[in-house]
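Structure file run.txt (compact mmCIF, C-alpha atoms) is printed below.
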```txt
# COMPACT_ATOMS: atom_id res chain seq x y z
CA MET K 1 -12.34 -9.48 7.38
CA LYS K 2 -12.25 -10.11 11.12
CA ARG K 3 -8.65 -8.88 11.28
CA ILE K 4 -9.49 -5.75 9.31
CA ARG K 5 -12.47 -5.07 11.56
CA THR K 6 -10.39 -5.52 14.72
CA LEU K 7 -7.54 -3.31 13.47
CA ALA K 8 -9.92 -0.59 12.29
CA LYS K 9 -11.62 -0.59 15.70
CA ASP K 10 -8.27 -0.41 17.52
CA ILE K 11 -7.05 2.47 15.34
CA ASN K 12 -10.32 4.33 15.85
CA GLU K 13 -9.59 4.22 19.58
CA HIS K 14 -5.84 4.84 19.39
CA PRO K 15 -3.81 5.34 16.15
CA VAL K 16 -0.73 3.20 16.85
CA GLU K 17 1.51 3.36 13.76
CA ALA K 18 2.11 -0.41 13.71
CA ASP K 19 -1.64 -1.06 13.67
CA VAL K 20 -2.16 1.47 10.88
CA HIS K 21 0.45 -0.36 8.80
CA ALA K 22 -1.05 -3.77 9.64
CA LEU K 23 -4.50 -2.59 8.57
CA ARG K 24 -3.21 -1.42 5.20
CA VAL K 25 -1.43 -4.73 4.59
CA ALA K 26 -4.57 -6.68 5.52
CA VAL K 27 -6.71 -4.61 3.13
CA LYS K 28 -4.15 -5.11 0.34
CA GLN K 29 -4.25 -8.86 0.92
CA LEU K 30 -8.04 -8.91 0.79
CA ASN K 31 -8.08 -6.72 -2.33
CA ALA K 32 -5.69 -9.14 -4.01
CA LEU K 33 -7.91 -12.11 -3.15
CA VAL K 34 -11.03 -10.29 -4.38
CA SER K 35 -9.24 -9.50 -7.67
CA MET K 36 -8.51 -13.20 -8.14
CA LEU K 37 -12.09 -14.19 -7.36
CA ALA K 38 -13.37 -11.48 -9.73
CA PHE K 39 -11.13 -12.90 -12.47
CA TYR K 40 -13.32 -16.02 -12.43
CA ASN K 41 -16.61 -14.42 -11.33
CA LYS K 42 -17.49 -11.37 -13.41
CA ASP K 43 -20.62 -10.76 -11.33
CA LEU K 44 -18.64 -10.15 -8.13
CA ASP K 45 -19.52 -6.62 -7.01
CA ARG K 46 -16.23 -4.96 -5.95
CA HIS K 47 -18.15 -1.78 -5.17
CA ARG K 48 -18.94 -3.41 -1.83
CA LEU K 49 -15.34 -2.74 -0.77
CA LYS K 50 -15.66 1.01 -1.33
CA LYS K 51 -16.07 1.90 2.35
CA MET K 52 -13.11 -0.25 3.31
CA ARG K 53 -10.96 1.41 0.65
CA LYS K 54 -11.81 4.80 2.11
CA LEU K 55 -10.52 3.54 5.47
CA PHE K 56 -7.43 2.26 3.66
CA HIS K 57 -6.65 5.62 2.04
CA ALA K 58 -7.31 7.57 5.24
CA ALA K 59 -4.99 5.20 7.09
CA GLY K 60 -2.37 5.76 4.39
CA ILE K 61 -2.34 9.53 4.87
CA LEU K 62 -2.20 9.07 8.63
CA ARG K 63 0.75 6.69 8.40
CA GLU K 64 2.67 8.91 5.96
CA TRP K 65 2.67 11.79 8.46
CA GLN K 66 3.46 9.42 11.32
CA LEU K 67 6.47 8.16 9.36
CA LEU K 68 7.66 11.68 8.60
CA ASP K 69 7.36 12.55 12.29
CA LYS K 70 9.57 9.56 13.10
CA ARG K 71 11.97 10.19 10.20
CA ILE K 72 12.91 13.77 11.11
CA SER K 73 12.44 13.62 14.90
CA GLY K 74 16.21 13.62 15.43
CA HIS K 75 16.89 16.55 13.08
CA HIS K 76 17.11 19.88 14.89
CA PRO K 77 16.11 22.61 14.33
CA VAL K 78 13.82 21.38 11.51
CA TYR K 79 11.81 19.09 13.76
CA GLU K 80 11.43 21.62 16.55
CA GLU K 81 10.00 24.17 14.12
CA ALA K 82 7.92 21.77 11.99
CA ALA K 83 6.59 19.44 14.72
CA LEU K 84 3.47 21.51 15.35
CA ARG K 85 2.46 21.38 11.67
CA ILE K 86 3.24 17.64 11.41
CA HIS K 87 1.18 16.82 14.49
CA LYS K 88 -1.67 18.94 13.11
CA GLU K 89 -1.59 16.87 9.89
CA ILE K 90 -1.61 13.67 11.95
CA GLN K 91 -4.66 14.84 13.88
CA LEU K 92 -6.47 15.85 10.66
CA ALA K 93 -5.74 12.45 9.10
CA TYR K 94 -6.85 10.69 12.27
CA ALA K 95 -10.12 12.64 12.33
CA GLN K 96 -10.71 11.65 8.71
CA PHE K 97 -10.07 8.00 9.50
CA ARG K 98 -12.50 8.09 12.45
CA HIS K 99 -15.10 9.73 10.19
CA HIS K 100 -14.83 6.94 7.62
CA TYR K 101 -14.85 4.29 10.36
CA LYS K 102 -18.07 5.73 11.76
CA CYS K 103 -19.61 5.73 8.27
CA THR K 104 -18.88 2.03 7.68
CA GLY K 105 -21.59 0.94 10.10
CA LYS K 106 -21.43 -1.83 12.68
CA SER K 107 -22.50 -4.63 10.32
CA TYR K 108 -20.41 -3.60 7.29
CA PHE K 109 -17.44 -5.92 7.84
CA LYS K 110 -19.57 -8.93 8.72
CA ASP K 111 -21.98 -8.41 5.81
CA THR K 112 -19.15 -7.87 3.30
CA GLY K 113 -17.31 -10.94 4.55
CA ARG K 114 -20.46 -13.02 4.21
CA TYR K 115 -20.96 -11.77 0.66
CA LEU K 116 -17.38 -12.60 -0.38
CA GLN K 117 -17.52 -16.00 1.29
CA SER K 118 -20.04 -17.25 -1.27
CA PHE K 119 -17.45 -16.66 -4.00
CA TYR K 120 -14.55 -17.94 -1.92
CA LYS K 121 -16.27 -21.29 -1.34
CA LYS K 122 -16.09 -21.95 -5.08
CA ALA K 123 -12.34 -21.30 -5.21
CA SER K 124 -11.29 -24.91 -4.56
CA LYS K 125 -12.88 -25.92 -7.88
CA LEU K 126 -11.17 -23.23 -9.93
CA LYS K 127 -8.17 -23.81 -12.18
CA LEU K 128 -6.00 -21.31 -10.36
CA GLY K 129 -3.03 -21.82 -12.66
CA VAL K 130 -4.94 -19.92 -15.36
CA TYR K 131 -5.09 -16.84 -13.15
CA PHE K 132 -1.40 -16.92 -12.22
CA ASN K 133 -0.27 -17.46 -15.81
CA HIS K 134 -2.42 -14.50 -16.84
CA LYS K 135 -0.96 -12.28 -14.11
CA GLU K 136 2.60 -13.25 -14.97
CA GLU K 137 1.96 -12.18 -18.55
CA ASP K 138 0.49 -8.90 -17.30
CA LEU K 139 3.61 -8.34 -15.22
CA LYS K 140 5.96 -9.08 -18.12
CA SER K 141 4.02 -6.67 -20.31
CA ALA K 142 4.22 -3.97 -17.62
CA LEU K 143 7.96 -4.46 -17.21
CA ASN K 144 8.57 -4.07 -20.94
CA ASN K 145 6.91 -0.65 -20.86
CA ASP K 146 9.49 2.16 -20.82
CA ASN K 147 7.06 4.61 -19.22
CA GLN K 148 8.49 5.23 -15.73
CA SER K 149 5.86 7.73 -14.54
CA PRO K 150 4.82 7.48 -10.86
CA LYS K 151 1.28 6.57 -11.89
CA ARG K 152 2.41 3.65 -14.03
CA LEU K 153 4.93 2.45 -11.44
CA HIS K 154 2.16 2.48 -8.85
CA LYS K 155 0.16 0.15 -11.12
CA VAL K 156 3.21 -2.11 -11.45
CA ARG K 157 3.51 -2.21 -7.66
CA MET K 158 -0.18 -3.10 -7.29
CA LEU K 159 0.28 -5.90 -9.81
CA LEU K 160 3.34 -7.20 -7.94
CA LYS K 161 1.42 -7.21 -4.67
CA GLU K 162 -1.60 -8.96 -6.14
CA LEU K 163 0.58 -11.66 -7.65
CA LYS K 164 2.73 -12.35 -4.60
CA TYR K 165 -0.06 -12.04 -2.01
CA ASN K 166 -2.31 -14.46 -3.85
CA PHE K 167 0.46 -16.91 -4.58
CA ALA K 168 1.49 -16.97 -0.93
CA ALA K 169 -2.13 -17.32 0.17
CA VAL K 170 -3.14 -20.29 -1.99
CA ASN K 171 0.13 -22.13 -2.66
CA ILE K 172 -0.08 -24.38 0.39
CA MET K 173 -3.82 -25.00 0.02
CA ALA K 174 -3.37 -25.93 -3.63
CA ASP K 175 -0.84 -28.60 -2.63
CA GLY K 176 1.56 -27.83 -5.47
CA ALA K 177 -1.12 -27.60 -8.17
CA ILE K 178 -0.16 -24.01 -9.01
CA PRO K 179 2.84 -23.54 -11.33
CA ARG K 180 5.76 -22.05 -9.40
CA LEU K 181 6.45 -18.37 -9.90
CA HIS K 182 9.93 -17.75 -11.24
CA ASP K 183 11.19 -16.25 -8.01
CA LEU K 184 8.75 -15.19 -5.31
CA HIS K 185 11.58 -13.88 -3.12
CA PHE K 186 12.77 -11.72 -6.02
CA LEU K 187 9.25 -10.34 -6.47
CA ASN K 188 9.14 -9.48 -2.78
CA GLN K 189 12.45 -7.63 -3.04
CA CYS K 190 11.30 -5.66 -6.08
CA ASP K 191 8.04 -4.79 -4.34
CA LYS K 192 10.03 -3.59 -1.33
CA LEU K 193 12.24 -1.42 -3.55
CA LEU K 194 9.24 0.17 -5.20
CA GLY K 195 7.61 0.70 -1.80
CA ASN K 196 10.71 2.46 -0.48
CA TRP K 197 10.83 4.60 -3.62
CA HIS K 198 7.19 5.62 -3.14
CA ASP K 199 7.77 6.47 0.54
CA LEU K 200 10.67 8.76 -0.35
CA GLN K 201 8.60 10.45 -3.05
CA VAL K 202 5.98 11.18 -0.40
CA VAL K 203 8.67 12.56 1.95
CA VAL K 204 9.79 15.05 -0.72
CA ILE K 205 6.18 16.24 -1.16
CA GLN K 206 5.70 16.54 2.61
CA LEU K 207 8.91 18.53 3.03
CA ASP K 208 7.75 20.84 0.25
CA ILE K 209 4.54 21.43 2.20
CA LEU K 210 6.53 22.26 5.34
CA ASP K 211 8.83 24.54 3.37
CA ASN K 212 5.98 26.46 1.74
CA GLU K 213 3.59 26.74 4.66
CA THR K 214 5.78 26.83 7.78
CA THR K 215 7.69 29.89 8.97
CA MET K 216 11.20 28.63 9.67
CA SER K 217 14.53 30.07 10.65
CA GLY K 218 17.36 30.22 8.14
CA ASN K 219 19.14 27.24 9.70
CA ALA K 220 15.98 25.14 9.63
CA LYS K 221 15.33 25.96 5.97
CA VAL K 222 18.88 24.96 5.02
CA GLN K 223 18.53 21.66 6.84
CA LEU K 224 15.09 21.03 5.36
CA LEU K 225 16.49 21.57 1.86
CA GLN K 226 19.29 19.09 2.62
CA LEU K 227 16.80 16.49 3.84
CA LYS K 228 14.67 16.99 0.72
CA GLU K 229 17.68 16.63 -1.59
CA GLN K 230 18.82 13.49 0.24
CA ALA K 231 15.35 11.93 -0.06
CA ALA K 232 15.10 12.77 -3.77
CA LYS K 233 18.59 11.39 -4.47
CA LYS K 234 17.87 8.16 -2.60
CA ALA K 235 14.55 7.82 -4.43
CA ASP K 236 16.35 8.07 -7.79
CA GLU K 237 18.90 5.44 -6.72
CA ILE K 238 16.15 3.04 -5.65
CA LEU K 239 14.21 3.62 -8.87
CA ASN K 240 17.30 2.84 -10.97
CA GLN K 241 17.85 -0.36 -8.98
CA PHE K 242 14.20 -1.33 -9.42
CA ILE K 243 14.31 -0.74 -13.19
CA HIS K 244 17.48 -2.85 -13.43
CA ASP K 245 15.97 -5.70 -11.41
CA MET K 246 12.71 -5.63 -13.32
CA HIS K 247 14.52 -5.86 -16.64
CA GLN K 248 16.33 -8.91 -15.32
CA LEU K 249 13.01 -10.51 -14.31
CA SER K 250 11.41 -9.75 -17.68
CA LYS K 251 14.13 -11.81 -19.37
```

Output the structure of this file as structure tokens.
Amino acid sequence: MKRIRTLAKDINEHPVEADVHALRVAVKQLNALVSMLAFYNKDLDRHRLKKMRKLFHAAGILREWQLLDKRISGHHPVYEEAALRIHKEIQLAYAQFRHHYKCTGKSYFKDTGRYLQSFYKKASKLKLGVYFNHKEEDLKSALNNDNQSPKRLHKVRMLLKELKYNFAAVNIMADGAIPRLHDLHFLNQCDKLLGNWHDLQVVVIQLDILDNETTMSGNAKVQLLQLKEQAAKKADEILNQFIHDMHQLSK
């Protein structure tokens, strides 16, 4: 919670892309831990994280446009003609982040951390293997589902992150009491593949926005179309690799 508070404060003052990414990772790690605690404590009120999730989503939109700015900065004339619109989107996302940060209140992070700590203190007495066995079964069930829609794959990615973040977080503290996951490195690789696929999907959507709402020269439009086709093709390749790897894991 202290790290999230510090990063949020830093981003509010200056939106460095590395800090935006670090904040999102930290929130994902905390969300994973809260999910594990809620597995054992049904009375844990996850609604308390609502304000932090708003910061998380605002940071996500900000980072997506920052990444697009970096991705196409070397492509002329597309970048020259689209840069103004991209920077406008970055500023809008930044303003939204600052709005949500202001709405969290000065004591929010400290109070939320104090609330979660009461549940965390009980964690050493929990049979954590039950949780990890349950999550592994959830993952196997998800992998055996042939539905490859973006919405379902996003849920698979969230499940992967929850499993690997929590295993990494408690494995050392548990001193070997938790059953080993089949291949944590493999899970990390599959999560990375799905993350790259999602990023490319976002790029295609962003390029569509630029194509539809930005007046461009003929050369720029041709190049933009090429970039969009390349991103879509790479996304399909990554998705096929992910599906292949996940089928291997499910065996």

Selected residue, from K:Lys106, K:Arg24, K:His87, K:Lys42, that lies nearest to K:His57 when counting all atoms listed in the file: K:Arg24

Of K:Leu227, K:Ala38, K:Leu187, K:Leu92, the one nearest to K:Leu68 when counting only C-alpha atoms is K:Leu227

List as an mmCIF file with C-alpha atoms, keeping the file's coordinate frame: which residues have an atom within 12 Å of (3.1, -1.6, -6.8), counting all atoms listed in the file?
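The resulting file, point.cif, is reproduced below:
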```
data_model
loop_
_atom_site.group_PDB
_atom_site.id
_atom_site.type_symbol
_atom_site.label_atom_id
_atom_site.label_comp_id
_atom_site.auth_asym_id
_atom_site.auth_seq_id
_atom_site.Cartn_x
_atom_site.Cartn_y
_atom_site.Cartn_z
ATOM 1 C CA LYS K 28 -4.150 -5.110 0.340
ATOM 2 C CA ALA K 32 -5.690 -9.140 -4.010
ATOM 3 C CA LEU K 139 3.610 -8.340 -15.220
ATOM 4 C CA ALA K 142 4.220 -3.970 -17.620
ATOM 5 C CA LEU K 143 7.960 -4.460 -17.210
ATOM 6 C CA PRO K 150 4.820 7.480 -10.860
ATOM 7 C CA LYS K 151 1.280 6.570 -11.890
ATOM 8 C CA ARG K 152 2.410 3.650 -14.030
ATOM 9 C CA LEU K 153 4.930 2.450 -11.440
ATOM 10 C CA HIS K 154 2.160 2.480 -8.850
ATOM 11 C CA LYS K 155 0.160 0.150 -11.120
ATOM 12 C CA VAL K 156 3.210 -2.110 -11.450
ATOM 13 C CA ARG K 157 3.510 -2.210 -7.660
ATOM 14 C CA MET K 158 -0.180 -3.100 -7.290
ATOM 15 C CA LEU K 159 0.280 -5.900 -9.810
ATOM 16 C CA LEU K 160 3.340 -7.200 -7.940
ATOM 17 C CA LYS K 161 1.420 -7.210 -4.670
ATOM 18 C CA GLU K 162 -1.600 -8.960 -6.140
ATOM 19 C CA LEU K 163 0.580 -11.660 -7.650
ATOM 20 C CA LYS K 164 2.730 -12.350 -4.600
ATOM 21 C CA TYR K 165 -0.060 -12.040 -2.010
ATOM 22 C CA LEU K 187 9.250 -10.340 -6.470
ATOM 23 C CA ASN K 188 9.140 -9.480 -2.780
ATOM 24 C CA GLN K 189 12.450 -7.630 -3.040
ATOM 25 C CA CYS K 190 11.300 -5.660 -6.080
ATOM 26 C CA ASP K 191 8.040 -4.790 -4.340
ATOM 27 C CA LYS K 192 10.030 -3.590 -1.330
ATOM 28 C CA LEU K 193 12.240 -1.420 -3.550
ATOM 29 C CA LEU K 194 9.240 0.170 -5.200
ATOM 30 C CA GLY K 195 7.610 0.700 -1.800
ATOM 31 C CA ASN K 196 10.710 2.460 -0.480
ATOM 32 C CA TRP K 197 10.830 4.600 -3.620
ATOM 33 C CA HIS K 198 7.190 5.620 -3.140
ATOM 34 C CA ASP K 199 7.770 6.470 0.540
ATOM 35 C CA PHE K 242 14.200 -1.330 -9.420
#
```

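Distance annotation: of K:Gly129, K:Arg98, K:Glu64, K:Leu44, the residue with the minimal separation from K:Val204 is K:Glu64; atom set is all atoms listed in the file.
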
Within 8 Å of K:Asn12 using only C-alpha atoms, minus same-chain residues under 2 positions, as a PyMOL selection string: chain K and resi 8-10+14-15+97-98+101

Save stretch 141-155 of chain K from what I just supplied, as an mmCIF file, in the first residue's frame, atoms limited to all heavy atoms.
```cif
data_model
loop_
_atom_site.group_PDB
_atom_site.id
_atom_site.type_symbol
_atom_site.label_atom_id
_atom_site.label_comp_id
_atom_site.auth_asym_id
_atom_site.auth_seq_id
_atom_site.Cartn_x
_atom_site.Cartn_y
_atom_site.Cartn_z
ATOM 1 N N SER K 141 -9.621 -25.620 -15.886
ATOM 2 C CA SER K 141 -10.970 -25.517 -16.445
ATOM 3 C C SER K 141 -11.036 -24.422 -17.504
ATOM 4 O O SER K 141 -11.645 -24.597 -18.570
ATOM 5 C CB SER K 141 -11.965 -25.222 -15.322
ATOM 6 O OG SER K 141 -13.257 -25.031 -15.841
ATOM 7 N N ALA K 142 -10.373 -23.288 -17.221
ATOM 8 C CA ALA K 142 -10.355 -22.176 -18.174
ATOM 9 C C ALA K 142 -9.625 -22.548 -19.452
ATOM 10 O O ALA K 142 -10.017 -22.149 -20.547
ATOM 11 C CB ALA K 142 -9.705 -20.954 -17.529
ATOM 12 N N LEU K 143 -8.563 -23.323 -19.326
ATOM 13 C CA LEU K 143 -7.766 -23.698 -20.493
ATOM 14 C C LEU K 143 -8.490 -24.705 -21.381
ATOM 15 O O LEU K 143 -8.222 -24.794 -22.579
ATOM 16 C CB LEU K 143 -6.423 -24.279 -20.048
ATOM 17 C CG LEU K 143 -5.523 -23.329 -19.257
ATOM 18 C CD1 LEU K 143 -4.236 -24.027 -18.853
ATOM 19 C CD2 LEU K 143 -5.212 -22.083 -20.065
ATOM 20 N N ASN K 144 -9.387 -25.468 -20.796
ATOM 21 C CA ASN K 144 -10.131 -26.462 -21.567
ATOM 22 C C ASN K 144 -11.366 -25.872 -22.252
ATOM 23 O O ASN K 144 -12.113 -26.575 -22.912
ATOM 24 C CB ASN K 144 -10.567 -27.619 -20.658
ATOM 25 C CG ASN K 144 -9.389 -28.504 -20.270
ATOM 26 O OD1 ASN K 144 -8.475 -28.690 -21.056
ATOM 27 N ND2 ASN K 144 -9.403 -29.013 -19.047
ATOM 28 N N ASN K 145 -11.557 -24.564 -22.078
ATOM 29 C CA ASN K 145 -12.667 -23.863 -22.716
ATOM 30 C C ASN K 145 -12.223 -23.381 -24.097
ATOM 31 O O ASN K 145 -11.219 -22.687 -24.221
ATOM 32 C CB ASN K 145 -13.088 -22.676 -21.834
ATOM 33 C CG ASN K 145 -14.374 -22.037 -22.308
ATOM 34 O OD1 ASN K 145 -14.668 -22.006 -23.499
ATOM 35 N ND2 ASN K 145 -15.142 -21.522 -21.361
ATOM 36 N N ASP K 146 -12.949 -23.749 -25.129
ATOM 37 C CA ASP K 146 -12.564 -23.389 -26.498
ATOM 38 C C ASP K 146 -12.941 -21.959 -26.882
ATOM 39 O O ASP K 146 -12.587 -21.492 -27.963
ATOM 40 C CB ASP K 146 -13.207 -24.362 -27.508
ATOM 41 C CG ASP K 146 -12.624 -25.766 -27.390
ATOM 42 O OD1 ASP K 146 -11.441 -25.877 -27.020
ATOM 43 O OD2 ASP K 146 -13.359 -26.728 -27.660
ATOM 44 N N ASN K 147 -13.649 -21.275 -26.002
ATOM 45 C CA ASN K 147 -14.029 -19.884 -26.271
ATOM 46 C C ASN K 147 -12.798 -18.991 -26.198
ATOM 47 O O ASN K 147 -12.205 -18.823 -25.136
ATOM 48 C CB ASN K 147 -15.075 -19.437 -25.243
ATOM 49 C CG ASN K 147 -15.499 -17.992 -25.443
ATOM 50 O OD1 ASN K 147 -15.088 -17.329 -26.396
ATOM 51 N ND2 ASN K 147 -16.331 -17.507 -24.531
ATOM 52 N N GLN K 148 -12.389 -18.414 -27.323
ATOM 53 C CA GLN K 148 -11.184 -17.584 -27.379
ATOM 54 C C GLN K 148 -11.532 -16.098 -27.531
ATOM 55 O O GLN K 148 -10.760 -15.333 -28.114
ATOM 56 C CB GLN K 148 -10.295 -18.041 -28.542
ATOM 57 C CG GLN K 148 -9.885 -19.497 -28.484
ATOM 58 C CD GLN K 148 -9.117 -19.833 -27.213
ATOM 59 O OE1 GLN K 148 -8.447 -18.989 -26.645
ATOM 60 N NE2 GLN K 148 -9.229 -21.082 -26.776
ATOM 61 N N SER K 149 -12.670 -15.677 -27.005
ATOM 62 C CA SER K 149 -13.057 -14.272 -27.086
ATOM 63 C C SER K 149 -12.115 -13.430 -26.218
ATOM 64 O O SER K 149 -11.576 -13.915 -25.217
ATOM 65 C CB SER K 149 -14.496 -14.088 -26.602
ATOM 66 O OG SER K 149 -14.582 -14.323 -25.204
ATOM 67 N N PRO K 150 -11.899 -12.165 -26.600
ATOM 68 C CA PRO K 150 -11.025 -11.284 -25.802
ATOM 69 C C PRO K 150 -11.446 -11.198 -24.341
ATOM 70 O O PRO K 150 -10.599 -11.161 -23.444
ATOM 71 C CB PRO K 150 -11.167 -9.926 -26.512
ATOM 72 C CG PRO K 150 -11.482 -10.279 -27.930
ATOM 73 C CD PRO K 150 -12.354 -11.504 -27.840
ATOM 74 N N LYS K 151 -12.758 -11.162 -24.099
ATOM 75 C CA LYS K 151 -13.246 -11.059 -22.725
ATOM 76 C C LYS K 151 -12.844 -12.277 -21.903
ATOM 77 O O LYS K 151 -12.397 -12.159 -20.760
ATOM 78 C CB LYS K 151 -14.772 -10.903 -22.725
ATOM 79 C CG LYS K 151 -15.364 -10.678 -21.346
ATOM 80 C CD LYS K 151 -16.862 -10.435 -21.437
ATOM 81 C CE LYS K 151 -17.452 -10.184 -20.043
ATOM 82 N NZ LYS K 151 -18.921 -9.930 -20.115
ATOM 83 N N ARG K 152 -12.993 -13.475 -22.498
ATOM 84 C CA ARG K 152 -12.645 -14.680 -21.746
ATOM 85 C C ARG K 152 -11.132 -14.788 -21.555
ATOM 86 O O ARG K 152 -10.654 -15.184 -20.495
ATOM 87 C CB ARG K 152 -13.156 -15.936 -22.464
ATOM 88 C CG ARG K 152 -13.142 -17.172 -21.548
ATOM 89 C CD ARG K 152 -13.300 -18.438 -22.332
ATOM 90 N NE ARG K 152 -12.114 -18.758 -23.085
ATOM 91 C CZ ARG K 152 -11.033 -19.351 -22.570
ATOM 92 N NH1 ARG K 152 -10.992 -19.680 -21.307
ATOM 93 N NH2 ARG K 152 -9.996 -19.632 -23.328
ATOM 94 N N LEU K 153 -10.372 -14.426 -22.595
ATOM 95 C CA LEU K 153 -8.916 -14.481 -22.484
ATOM 96 C C LEU K 153 -8.403 -13.486 -21.444
ATOM 97 O O LEU K 153 -7.403 -13.739 -20.784
ATOM 98 C CB LEU K 153 -8.273 -14.211 -23.839
ATOM 99 C CG LEU K 153 -8.444 -15.328 -24.870
ATOM 100 C CD1 LEU K 153 -7.890 -14.900 -26.224
ATOM 101 C CD2 LEU K 153 -7.743 -16.604 -24.406
ATOM 102 N N HIS K 154 -9.087 -12.367 -21.295
ATOM 103 C CA HIS K 154 -8.722 -11.418 -20.251
ATOM 104 C C HIS K 154 -8.909 -12.051 -18.875
ATOM 105 O O HIS K 154 -8.076 -11.868 -17.971
ATOM 106 C CB HIS K 154 -9.572 -10.154 -20.369
ATOM 107 C CG HIS K 154 -9.286 -9.134 -19.308
ATOM 108 N ND1 HIS K 154 -8.071 -8.489 -19.208
ATOM 109 C CD2 HIS K 154 -10.045 -8.662 -18.281
ATOM 110 C CE1 HIS K 154 -8.092 -7.648 -18.181
ATOM 111 N NE2 HIS K 154 -9.282 -7.751 -17.603
ATOM 112 N N LYS K 155 -9.984 -12.821 -18.714
ATOM 113 C CA LYS K 155 -10.224 -13.506 -17.439
ATOM 114 C C LYS K 155 -9.145 -14.556 -17.180
ATOM 115 O O LYS K 155 -8.706 -14.744 -16.038
ATOM 116 C CB LYS K 155 -11.610 -14.143 -17.440
ATOM 117 C CG LYS K 155 -12.747 -13.139 -17.372
ATOM 118 C CD LYS K 155 -14.100 -13.837 -17.309
ATOM 119 C CE LYS K 155 -15.227 -12.822 -17.195
ATOM 120 N NZ LYS K 155 -16.563 -13.477 -17.130
#
```
